[in-house]
Amino acid sequence: MAIRKLRYEGDPILNKISKPVERMTLRQKILIQDMFDTMYEDMGVGLAAVQVGVLRRIVVMNVDGEHPLVFINPEIIERDGEQTGDEGCLSVPGKVGTVTRPMHVKVRAQDINMQPFELDAEGLLARCCCHEFEHLDGILYTSHVEGELRDVNAEPEIRVEEDEEFQDN
């Protein structure tokens with residue numbers, strides 16, 4: 001299919017509320033395949049349609065590399081527990097931040113054939129559902145970051161103690 005142009009933090013479309021999908025069209029099926037292609041190209045685990053400039057309530061995910069998921073008009077109907085960890089986003093490249101999310105969520109959505117389903121998600125999948133579904137309401141994970149955003153590729157500070165044996169005298 002095709003790689004779509006990602007929208008980045010600061011693009012006003014990312015702060016808009018996406019519209020529900022009333023019926024599945026060929027155009028939307030192509031969009032979904034393009035979203036997977038774009039997500040995989042950029043090594044992501046989830047992508048919302050708004051991140052490629054389409055204001056529709058569509059999310060794709062594949063957190064384990066083996067089980068691609070499509071969520072149409074998703075909503076979280078239950079949440080419990082808590083997990084805190086680093087999150088990144090294809091729309092905020094090169095940055096990560098610490099975010100607290102539910103450990104478990106129950107999701108209601110429709111699949112690519114507009115058939116309703118429910119999914120219990122734990123751990124990383126629950127985190128990803130929360131993160132991606134918020135995109136549909138114009139919310140970026142950066143609004144939840146505890147502390148500061150950090151560079152993904154930042155080298156940790158390394159301290160080297162001088163060893164007397166190796167000093168030049």
# chains A, B, ... in the order shown; residues from 1 in each chain; ligands from 1
>>> residues_around(residues="Thr98 of chain A", least_positions_apart="4", cutoff="6 Å", atoms="only C-alpha atoms", output="list in words")
Gly85, Asp86, Val145 and Glu146 of chain A
>>> write_last_selection(atoms="N, CA and C atoms", output="compact mmCIF listing (two decimals), in the first residue's frame")
# COMPACT_ATOMS: atom_id res chain seq x y z
N GLY A 85 5.36 3.96 33.42
CA GLY A 85 6.49 3.62 32.55
C GLY A 85 6.67 4.66 31.47
N ASP A 86 7.69 4.46 30.65
CA ASP A 86 7.99 5.40 29.58
C ASP A 86 7.08 5.17 28.39
N VAL A 145 2.68 13.49 31.05
CA VAL A 145 4.06 13.16 31.43
C VAL A 145 4.38 13.68 32.83
N GLU A 146 4.95 12.78 33.63
CA GLU A 146 5.40 13.12 34.97
C GLU A 146 6.86 13.55 34.84
>>> select_by_dssp(residues="segment 3-164 of chain A", states="strand (DSSP E or B)", output="PyMOL selection string")
chain A and resi 19+46-48+56+58-61+69-80+83-89+92-101+104-110+116-122+146-151
>>> residues_around(residues="segment 103-115 of chain A", least_positions_apart="3", cutoff="8 Å", atoms="only C-alpha atoms", output="JSON, numbers by chain")
{"A": [23, 24, 29, 70, 71, 72, 73, 74, 75, 76, 77, 78, 79, 80, 81, 82, 83, 118, 119, 120, 121, 122, 123, 126, 127]}
>>> closest_residue(among="A:Arg27, A:Arg4, A:Arg57, A:Arg150", to="His135 of chain A", atoms="only C-alpha atoms")
A:Arg57
>>> closest_residue(among="A:Leu125, A:Met1, A:Ile30, A:Leu136", to="Ile58 of chain A", atoms="only C-alpha atoms")
A:Leu136
>>> select_by_dssp(residues="chain A", states="helix (DSSP H, G or I)", output="ChimeraX atom specification")
/A:12-15,26-41,49-52,123-135,141-144,164-166
>>> write_last_selection(atoms="C-alpha atoms", output="PDB file, in the first residue's frame")
ATOM      1  CA  PRO A  12      -3.401  21.704  15.061  1.00  0.00           C
ATOM      2  CA  ILE A  13      -5.139  18.602  13.662  1.00  0.00           C
ATOM      3  CA  LEU A  14      -3.689  16.542  16.529  1.00  0.00           C
ATOM      4  CA  ASN A  15      -5.771  18.568  18.988  1.00  0.00           C
ATOM      5  CA  LEU A  26     -13.058   0.970   0.443  1.00  0.00           C
ATOM      6  CA  ARG A  27     -11.290   4.293   1.069  1.00  0.00           C
ATOM      7  CA  GLN A  28     -11.226   3.604   4.819  1.00  0.00           C
ATOM      8  CA  LYS A  29      -9.957   0.038   4.289  1.00  0.00           C
ATOM      9  CA  ILE A  30      -7.106   1.462   2.218  1.00  0.00           C
ATOM     10  CA  LEU A  31      -6.469   4.017   4.983  1.00  0.00           C
ATOM     11  CA  ILE A  32      -6.245   1.201   7.544  1.00  0.00           C
ATOM     12  CA  GLN A  33      -3.695  -0.729   5.485  1.00  0.00           C
ATOM     13  CA  ASP A  34      -1.722   2.486   4.933  1.00  0.00           C
ATOM     14  CA  MET A  35      -1.808   3.134   8.679  1.00  0.00           C
ATOM     15  CA  PHE A  36      -0.300  -0.285   9.377  1.00  0.00           C
ATOM     16  CA  ASP A  37       2.367   0.322   6.716  1.00  0.00           C
ATOM     17  CA  THR A  38       3.164   3.743   8.192  1.00  0.00           C
ATOM     18  CA  MET A  39       3.262   2.398  11.764  1.00  0.00           C
ATOM     19  CA  TYR A  40       5.590  -0.472  10.814  1.00  0.00           C
ATOM     20  CA  GLU A  41       7.829   1.816   8.731  1.00  0.00           C
ATOM     21  CA  ALA A  49      -5.945   8.020  11.943  1.00  0.00           C
ATOM     22  CA  VAL A  50      -5.555  11.617  13.117  1.00  0.00           C
ATOM     23  CA  GLN A  51      -1.783  11.075  13.189  1.00  0.00           C
ATOM     24  CA  VAL A  52      -1.889  10.771   9.397  1.00  0.00           C
ATOM     25  CA  GLY A 123       0.056  -4.211  30.462  1.00  0.00           C
ATOM     26  CA  LEU A 124       1.521  -2.793  27.260  1.00  0.00           C
ATOM     27  CA  LEU A 125      -1.669  -3.388  25.266  1.00  0.00           C
ATOM     28  CA  ALA A 126      -3.696  -1.506  27.894  1.00  0.00           C
ATOM     29  CA  ARG A 127      -1.155   1.357  27.822  1.00  0.00           C
ATOM     30  CA  CYS A 128      -1.295   1.470  24.034  1.00  0.00           C
ATOM     31  CA  CYS A 129      -5.114   1.503  23.998  1.00  0.00           C
ATOM     32  CA  CYS A 130      -5.192   4.445  26.414  1.00  0.00           C
ATOM     33  CA  HIS A 131      -2.526   6.330  24.450  1.00  0.00           C
ATOM     34  CA  GLU A 132      -4.009   5.784  20.977  1.00  0.00           C
ATOM     35  CA  PHE A 133      -7.655   6.260  21.925  1.00  0.00           C
ATOM     36  CA  GLU A 134      -6.790   9.618  23.508  1.00  0.00           C
ATOM     37  CA  HIS A 135      -5.450  10.730  20.116  1.00  0.00           C
ATOM     38  CA  TYR A 141       0.515  11.694  25.920  1.00  0.00           C
ATOM     39  CA  THR A 142       2.699  14.722  26.668  1.00  0.00           C
ATOM     40  CA  SER A 143      -0.167  16.158  28.741  1.00  0.00           C
ATOM     41  CA  HIS A 144       0.260  13.226  31.171  1.00  0.00           C
ATOM     42  CA  GLU A 164      46.100   5.783  39.571  1.00  0.00           C
ATOM     43  CA  GLU A 165      47.669   2.853  37.806  1.00  0.00           C
ATOM     44  CA  PHE A 166      46.758   4.277  34.363  1.00  0.00           C
TER      45      PHE A 166
END
>>> closest_residue(among="A:Leu69, A:Val59, A:Leu90, A:Ile3", to="Pro20 of chain A", atoms="only C-alpha atoms")
A:Val59
>>> atom_distance(atom1="atom CA of Ile17 of chain A", atom2="atom CA of Gly88 of chain A")
20.8 Å
>>> residues_around(residues="segment 62-64 of chain A", least_positions_apart="2", cutoff="7 Å", atoms="only C-alpha atoms", output="PyMOL selection string")
chain A and resi 45-46+66-69+125
>>> write_last_selection(atoms="all heavy atoms", output="PDB file, in the first residue's frame")
ATOM      1  N   VAL A  45       3.988   0.884  17.604  1.00  0.00           N
ATOM      2  CA  VAL A  45       3.118  -0.220  17.998  1.00  0.00           C
ATOM      3  C   VAL A  45       1.643   0.165  17.904  1.00  0.00           C
ATOM      4  O   VAL A  45       0.771  -0.676  18.043  1.00  0.00           O
ATOM      5  CB  VAL A  45       3.440  -0.746  19.426  1.00  0.00           C
ATOM      6  CG1 VAL A  45       4.822  -1.361  19.461  1.00  0.00           C
ATOM      7  CG2 VAL A  45       3.282   0.330  20.466  1.00  0.00           C
ATOM      8  N   GLY A  46       1.369   1.434  17.659  1.00  0.00           N
ATOM      9  CA  GLY A  46       0.000   1.897  17.512  1.00  0.00           C
ATOM     10  C   GLY A  46      -0.037   3.194  16.725  1.00  0.00           C
ATOM     11  O   GLY A  46       0.952   3.939  16.697  1.00  0.00           O
ATOM     12  N   GLU A  66       2.800  -9.757  16.251  1.00  0.00           N
ATOM     13  CA  GLU A  66       2.140 -10.940  15.706  1.00  0.00           C
ATOM     14  C   GLU A  66       0.621 -10.825  15.606  1.00  0.00           C
ATOM     15  O   GLU A  66      -0.009 -11.625  14.919  1.00  0.00           O
ATOM     16  CB  GLU A  66       2.475 -12.163  16.569  1.00  0.00           C
ATOM     17  CG  GLU A  66       3.954 -12.514  16.533  1.00  0.00           C
ATOM     18  CD  GLU A  66       4.269 -13.710  17.408  1.00  0.00           C
ATOM     19  OE1 GLU A  66       3.334 -14.463  17.760  1.00  0.00           O
ATOM     20  OE2 GLU A  66       5.445 -13.889  17.742  1.00  0.00           O
ATOM     21  N   HIS A  67       0.044  -9.857  16.293  1.00  0.00           N
ATOM     22  CA  HIS A  67      -1.414  -9.765  16.350  1.00  0.00           C
ATOM     23  C   HIS A  67      -1.890  -8.349  16.011  1.00  0.00           C
ATOM     24  O   HIS A  67      -2.169  -7.555  16.914  1.00  0.00           O
ATOM     25  CB  HIS A  67      -1.917 -10.179  17.739  1.00  0.00           C
ATOM     26  CG  HIS A  67      -1.568 -11.573  18.095  1.00  0.00           C
ATOM     27  ND1 HIS A  67      -0.450 -11.899  18.820  1.00  0.00           N
ATOM     28  CD2 HIS A  67      -2.168 -12.745  17.778  1.00  0.00           C
ATOM     29  CE1 HIS A  67      -0.385 -13.219  18.967  1.00  0.00           C
ATOM     30  NE2 HIS A  67      -1.414 -13.751  18.343  1.00  0.00           N
ATOM     31  N   PRO A  68      -1.996  -8.038  14.723  1.00  0.00           N
ATOM     32  CA  PRO A  68      -2.487  -6.706  14.344  1.00  0.00           C
ATOM     33  C   PRO A  68      -3.952  -6.544  14.740  1.00  0.00           C
ATOM     34  O   PRO A  68      -4.754  -7.471  14.581  1.00  0.00           O
ATOM     35  CB  PRO A  68      -2.306  -6.668  12.821  1.00  0.00           C
ATOM     36  CG  PRO A  68      -2.177  -8.078  12.384  1.00  0.00           C
ATOM     37  CD  PRO A  68      -1.675  -8.867  13.555  1.00  0.00           C
ATOM     38  N   LEU A  69      -4.256  -5.391  15.287  1.00  0.00           N
ATOM     39  CA  LEU A  69      -5.613  -5.093  15.742  1.00  0.00           C
ATOM     40  C   LEU A  69      -6.113  -3.819  15.078  1.00  0.00           C
ATOM     41  O   LEU A  69      -5.358  -2.856  14.914  1.00  0.00           O
ATOM     42  CB  LEU A  69      -5.632  -4.893  17.261  1.00  0.00           C
ATOM     43  CG  LEU A  69      -5.213  -6.087  18.111  1.00  0.00           C
ATOM     44  CD1 LEU A  69      -5.008  -5.652  19.558  1.00  0.00           C
ATOM     45  CD2 LEU A  69      -6.274  -7.184  18.033  1.00  0.00           C
ATOM     46  N   LEU A 125      -0.492  -3.572  26.116  1.00  0.00           N
ATOM     47  CA  LEU A 125      -1.669  -3.388  25.266  1.00  0.00           C
ATOM     48  C   LEU A 125      -2.641  -2.396  25.900  1.00  0.00           C
ATOM     49  O   LEU A 125      -3.199  -1.534  25.205  1.00  0.00           O
ATOM     50  CB  LEU A 125      -2.354  -4.727  24.986  1.00  0.00           C
ATOM     51  CG  LEU A 125      -3.561  -4.679  24.051  1.00  0.00           C
ATOM     52  CD1 LEU A 125      -3.216  -4.069  22.701  1.00  0.00           C
ATOM     53  CD2 LEU A 125      -4.141  -6.087  23.871  1.00  0.00           C
TER      54      LEU A 125
END
>>> residues_around(residues="Ser91 of chain A", least_positions_apart="4", cutoff="8 Å", atoms="only C-alpha atoms", output="number ranges by chain")
A: 6-9, 51
>>> write_last_selection(atoms="N, CA, C and O atoms", output="mmCIF file, in the first residue's frame")
data_model
loop_
_atom_site.group_PDB
_atom_site.id
_atom_site.type_symbol
_atom_site.label_atom_id
_atom_site.label_comp_id
_atom_site.auth_asym_id
_atom_site.auth_seq_id
_atom_site.Cartn_x
_atom_site.Cartn_y
_atom_site.Cartn_z
ATOM 1 N N LEU A 6 3.183 11.497 8.478
ATOM 2 C CA LEU A 6 2.806 11.656 9.885
ATOM 3 C C LEU A 6 2.644 13.132 10.226
ATOM 4 O O LEU A 6 3.337 13.987 9.683
ATOM 5 N N ARG A 7 1.741 13.394 11.147
ATOM 6 C CA ARG A 7 1.558 14.734 11.694
ATOM 7 C C ARG A 7 2.274 14.780 13.028
ATOM 8 O O ARG A 7 2.227 13.820 13.813
ATOM 9 N N TYR A 8 2.943 15.908 13.290
ATOM 10 C CA TYR A 8 3.773 16.029 14.484
ATOM 11 C C TYR A 8 3.221 17.056 15.463
ATOM 12 O O TYR A 8 2.470 17.960 15.069
ATOM 13 N N GLU A 9 3.619 16.901 16.714
ATOM 14 C CA GLU A 9 3.197 17.816 17.763
ATOM 15 C C GLU A 9 3.341 19.247 17.267
ATOM 16 O O GLU A 9 4.341 19.611 16.659
ATOM 17 N N GLN A 51 -3.234 10.908 13.310
ATOM 18 C CA GLN A 51 -1.783 11.075 13.189
ATOM 19 C C GLN A 51 -1.313 11.082 11.738
ATOM 20 O O GLN A 51 -0.189 11.471 11.461
#
>>> decode(residues="segment 98-128 of chain A", atoms="N, CA, C and O atoms", output="PDB file, in the first residue's frame")
ATOM      1  N   THR A  98       7.615   9.699  31.205  1.00  0.00           N
ATOM      2  CA  THR A  98       7.028   8.762  32.158  1.00  0.00           C
ATOM      3  C   THR A  98       5.551   9.098  32.344  1.00  0.00           C
ATOM      4  O   THR A  98       5.198  10.240  32.638  1.00  0.00           O
ATOM      5  N   VAL A  99       4.700   8.071  32.145  1.00  0.00           N
ATOM      6  CA  VAL A  99       3.250   8.248  32.220  1.00  0.00           C
ATOM      7  C   VAL A  99       2.660   7.107  33.034  1.00  0.00           C
ATOM      8  O   VAL A  99       3.070   5.958  32.891  1.00  0.00           O
ATOM      9  N   THR A 100       1.677   7.430  33.877  1.00  0.00           N
ATOM     10  CA  THR A 100       0.937   6.420  34.625  1.00  0.00           C
ATOM     11  C   THR A 100      -0.379   6.147  33.899  1.00  0.00           C
ATOM     12  O   THR A 100      -1.109   7.079  33.556  1.00  0.00           O
ATOM     13  N   ARG A 101      -0.632   4.880  33.659  1.00  0.00           N
ATOM     14  CA  ARG A 101      -1.841   4.426  32.957  1.00  0.00           C
ATOM     15  C   ARG A 101      -2.451   3.264  33.734  1.00  0.00           C
ATOM     16  O   ARG A 101      -1.786   2.660  34.587  1.00  0.00           O
ATOM     17  N   PRO A 102      -3.695   2.877  33.403  1.00  0.00           N
ATOM     18  CA  PRO A 102      -4.268   1.673  34.017  1.00  0.00           C
ATOM     19  C   PRO A 102      -3.504   0.417  33.599  1.00  0.00           C
ATOM     20  O   PRO A 102      -2.994   0.352  32.471  1.00  0.00           O
ATOM     21  N   MET A 103      -3.447  -0.551  34.470  1.00  0.00           N
ATOM     22  CA  MET A 103      -2.811  -1.830  34.144  1.00  0.00           C
ATOM     23  C   MET A 103      -3.743  -2.674  33.274  1.00  0.00           C
ATOM     24  O   MET A 103      -3.304  -3.464  32.456  1.00  0.00           O
ATOM     25  N   HIS A 104      -5.051  -2.481  33.449  1.00  0.00           N
ATOM     26  CA  HIS A 104      -6.048  -3.258  32.709  1.00  0.00           C
ATOM     27  C   HIS A 104      -7.129  -2.313  32.188  1.00  0.00           C
ATOM     28  O   HIS A 104      -7.556  -1.409  32.912  1.00  0.00           O
ATOM     29  N   VAL A 105      -7.538  -2.520  30.953  1.00  0.00           N
ATOM     30  CA  VAL A 105      -8.701  -1.811  30.406  1.00  0.00           C
ATOM     31  C   VAL A 105      -9.569  -2.813  29.655  1.00  0.00           C
ATOM     32  O   VAL A 105      -9.080  -3.805  29.111  1.00  0.00           O
ATOM     33  N   LYS A 106     -10.851  -2.542  29.647  1.00  0.00           N
ATOM     34  CA  LYS A 106     -11.784  -3.289  28.804  1.00  0.00           C
ATOM     35  C   LYS A 106     -12.242  -2.310  27.735  1.00  0.00           C
ATOM     36  O   LYS A 106     -12.669  -1.191  28.038  1.00  0.00           O
ATOM     37  N   VAL A 107     -12.126  -2.749  26.488  1.00  0.00           N
ATOM     38  CA  VAL A 107     -12.385  -1.897  25.335  1.00  0.00           C
ATOM     39  C   VAL A 107     -13.602  -2.419  24.582  1.00  0.00           C
ATOM     40  O   VAL A 107     -13.774  -3.630  24.431  1.00  0.00           O
ATOM     41  N   ARG A 108     -14.416  -1.484  24.107  1.00  0.00           N
ATOM     42  CA  ARG A 108     -15.514  -1.817  23.195  1.00  0.00           C
ATOM     43  C   ARG A 108     -15.226  -1.071  21.896  1.00  0.00           C
ATOM     44  O   ARG A 108     -14.906   0.126  21.924  1.00  0.00           O
ATOM     45  N   ALA A 109     -15.331  -1.776  20.767  1.00  0.00           N
ATOM     46  CA  ALA A 109     -15.059  -1.160  19.465  1.00  0.00           C
ATOM     47  C   ALA A 109     -15.744  -1.981  18.381  1.00  0.00           C
ATOM     48  O   ALA A 109     -16.465  -2.947  18.672  1.00  0.00           O
ATOM     49  N   GLN A 110     -15.474  -1.598  17.145  1.00  0.00           N
ATOM     50  CA  GLN A 110     -15.912  -2.372  15.990  1.00  0.00           C
ATOM     51  C   GLN A 110     -14.658  -2.769  15.221  1.00  0.00           C
ATOM     52  O   GLN A 110     -13.650  -2.056  15.248  1.00  0.00           O
ATOM     53  N   ASP A 111     -14.734  -3.916  14.538  1.00  0.00           N
ATOM     54  CA  ASP A 111     -13.603  -4.358  13.733  1.00  0.00           C
ATOM     55  C   ASP A 111     -13.701  -3.759  12.329  1.00  0.00           C
ATOM     56  O   ASP A 111     -14.593  -2.947  12.049  1.00  0.00           O
ATOM     57  N   ILE A 112     -12.820  -4.171  11.441  1.00  0.00           N
ATOM     58  CA  ILE A 112     -12.783  -3.613  10.095  1.00  0.00           C
ATOM     59  C   ILE A 112     -14.067  -3.891   9.305  1.00  0.00           C
ATOM     60  O   ILE A 112     -14.381  -3.197   8.350  1.00  0.00           O
ATOM     61  N   ASN A 113     -14.834  -4.903   9.747  1.00  0.00           N
ATOM     62  CA  ASN A 113     -16.110  -5.218   9.104  1.00  0.00           C
ATOM     63  C   ASN A 113     -17.291  -4.593   9.834  1.00  0.00           C
ATOM     64  O   ASN A 113     -18.440  -4.961   9.596  1.00  0.00           O
ATOM     65  N   MET A 114     -16.965  -3.669  10.767  1.00  0.00           N
ATOM     66  CA  MET A 114     -17.958  -2.946  11.560  1.00  0.00           C
ATOM     67  C   MET A 114     -18.731  -3.868  12.510  1.00  0.00           C
ATOM     68  O   MET A 114     -19.810  -3.538  12.965  1.00  0.00           O
ATOM     69  N   GLN A 115     -18.123  -5.023  12.842  1.00  0.00           N
ATOM     70  CA  GLN A 115     -18.715  -5.927  13.810  1.00  0.00           C
ATOM     71  C   GLN A 115     -18.244  -5.538  15.206  1.00  0.00           C
ATOM     72  O   GLN A 115     -17.044  -5.363  15.435  1.00  0.00           O
ATOM     73  N   PRO A 116     -19.165  -5.381  16.158  1.00  0.00           N
ATOM     74  CA  PRO A 116     -18.764  -4.992  17.511  1.00  0.00           C
ATOM     75  C   PRO A 116     -17.994  -6.105  18.214  1.00  0.00           C
ATOM     76  O   PRO A 116     -18.226  -7.287  17.971  1.00  0.00           O
ATOM     77  N   PHE A 117     -17.046  -5.690  19.051  1.00  0.00           N
ATOM     78  CA  PHE A 117     -16.301  -6.644  19.871  1.00  0.00           C
ATOM     79  C   PHE A 117     -15.862  -5.946  21.140  1.00  0.00           C
ATOM     80  O   PHE A 117     -15.870  -4.724  21.244  1.00  0.00           O
ATOM     81  N   GLU A 118     -15.490  -6.759  22.127  1.00  0.00           N
ATOM     82  CA  GLU A 118     -14.896  -6.264  23.363  1.00  0.00           C
ATOM     83  C   GLU A 118     -13.562  -6.965  23.547  1.00  0.00           C
ATOM     84  O   GLU A 118     -13.390  -8.111  23.114  1.00  0.00           O
ATOM     85  N   LEU A 119     -12.636  -6.268  24.181  1.00  0.00           N
ATOM     86  CA  LEU A 119     -11.289  -6.801  24.393  1.00  0.00           C
ATOM     87  C   LEU A 119     -10.818  -6.412  25.781  1.00  0.00           C
ATOM     88  O   LEU A 119     -10.934  -5.247  26.181  1.00  0.00           O
ATOM     89  N   ASP A 120     -10.293  -7.402  26.514  1.00  0.00           N
ATOM     90  CA  ASP A 120      -9.624  -7.122  27.784  1.00  0.00           C
ATOM     91  C   ASP A 120      -8.144  -6.970  27.483  1.00  0.00           C
ATOM     92  O   ASP A 120      -7.539  -7.874  26.897  1.00  0.00           O
ATOM     93  N   ALA A 121      -7.588  -5.843  27.859  1.00  0.00           N
ATOM     94  CA  ALA A 121      -6.180  -5.562  27.571  1.00  0.00           C
ATOM     95  C   ALA A 121      -5.428  -5.353  28.873  1.00  0.00           C
ATOM     96  O   ALA A 121      -5.905  -4.670  29.782  1.00  0.00           O
ATOM     97  N   GLU A 122      -4.231  -5.944  28.949  1.00  0.00           N
ATOM     98  CA  GLU A 122      -3.366  -5.840  30.127  1.00  0.00           C
ATOM     99  C   GLU A 122      -2.025  -5.247  29.721  1.00  0.00           C
ATOM    100  O   GLU A 122      -1.604  -5.368  28.562  1.00  0.00           O
ATOM    101  N   GLY A 123      -1.324  -4.644  30.659  1.00  0.00           N
ATOM    102  CA  GLY A 123       0.056  -4.211  30.462  1.00  0.00           C
ATOM    103  C   GLY A 123       0.247  -3.278  29.282  1.00  0.00           C
ATOM    104  O   GLY A 123      -0.429  -2.258  29.164  1.00  0.00           O
ATOM    105  N   LEU A 124       1.185  -3.654  28.393  1.00  0.00           N
ATOM    106  CA  LEU A 124       1.521  -2.793  27.260  1.00  0.00           C
ATOM    107  C   LEU A 124       0.325  -2.549  26.343  1.00  0.00           C
ATOM    108  O   LEU A 124       0.127  -1.436  25.858  1.00  0.00           O
ATOM    109  N   LEU A 125      -0.492  -3.572  26.116  1.00  0.00           N
ATOM    110  CA  LEU A 125      -1.669  -3.388  25.266  1.00  0.00           C
ATOM    111  C   LEU A 125      -2.641  -2.396  25.900  1.00  0.00           C
ATOM    112  O   LEU A 125      -3.199  -1.534  25.205  1.00  0.00           O
ATOM    113  N   ALA A 126      -2.828  -2.465  27.201  1.00  0.00           N
ATOM    114  CA  ALA A 126      -3.696  -1.506  27.894  1.00  0.00           C
ATOM    115  C   ALA A 126      -3.127  -0.090  27.768  1.00  0.00           C
ATOM    116  O   ALA A 126      -3.855   0.871  27.488  1.00  0.00           O
ATOM    117  N   ARG A 127      -1.818   0.056  27.954  1.00  0.00           N
ATOM    118  CA  ARG A 127      -1.155   1.357  27.822  1.00  0.00           C
ATOM    119  C   ARG A 127      -1.365   1.905  26.408  1.00  0.00           C
ATOM    120  O   ARG A 127      -1.696   3.069  26.213  1.00  0.00           O
ATOM    121  N   CYS A 128      -1.172   1.052  25.429  1.00  0.00           N
ATOM    122  CA  CYS A 128      -1.295   1.470  24.034  1.00  0.00           C
ATOM    123  C   CYS A 128      -2.742   1.885  23.715  1.00  0.00           C
ATOM    124  O   CYS A 128      -2.968   2.886  23.028  1.00  0.00           O
TER     125      CYS A 128
END
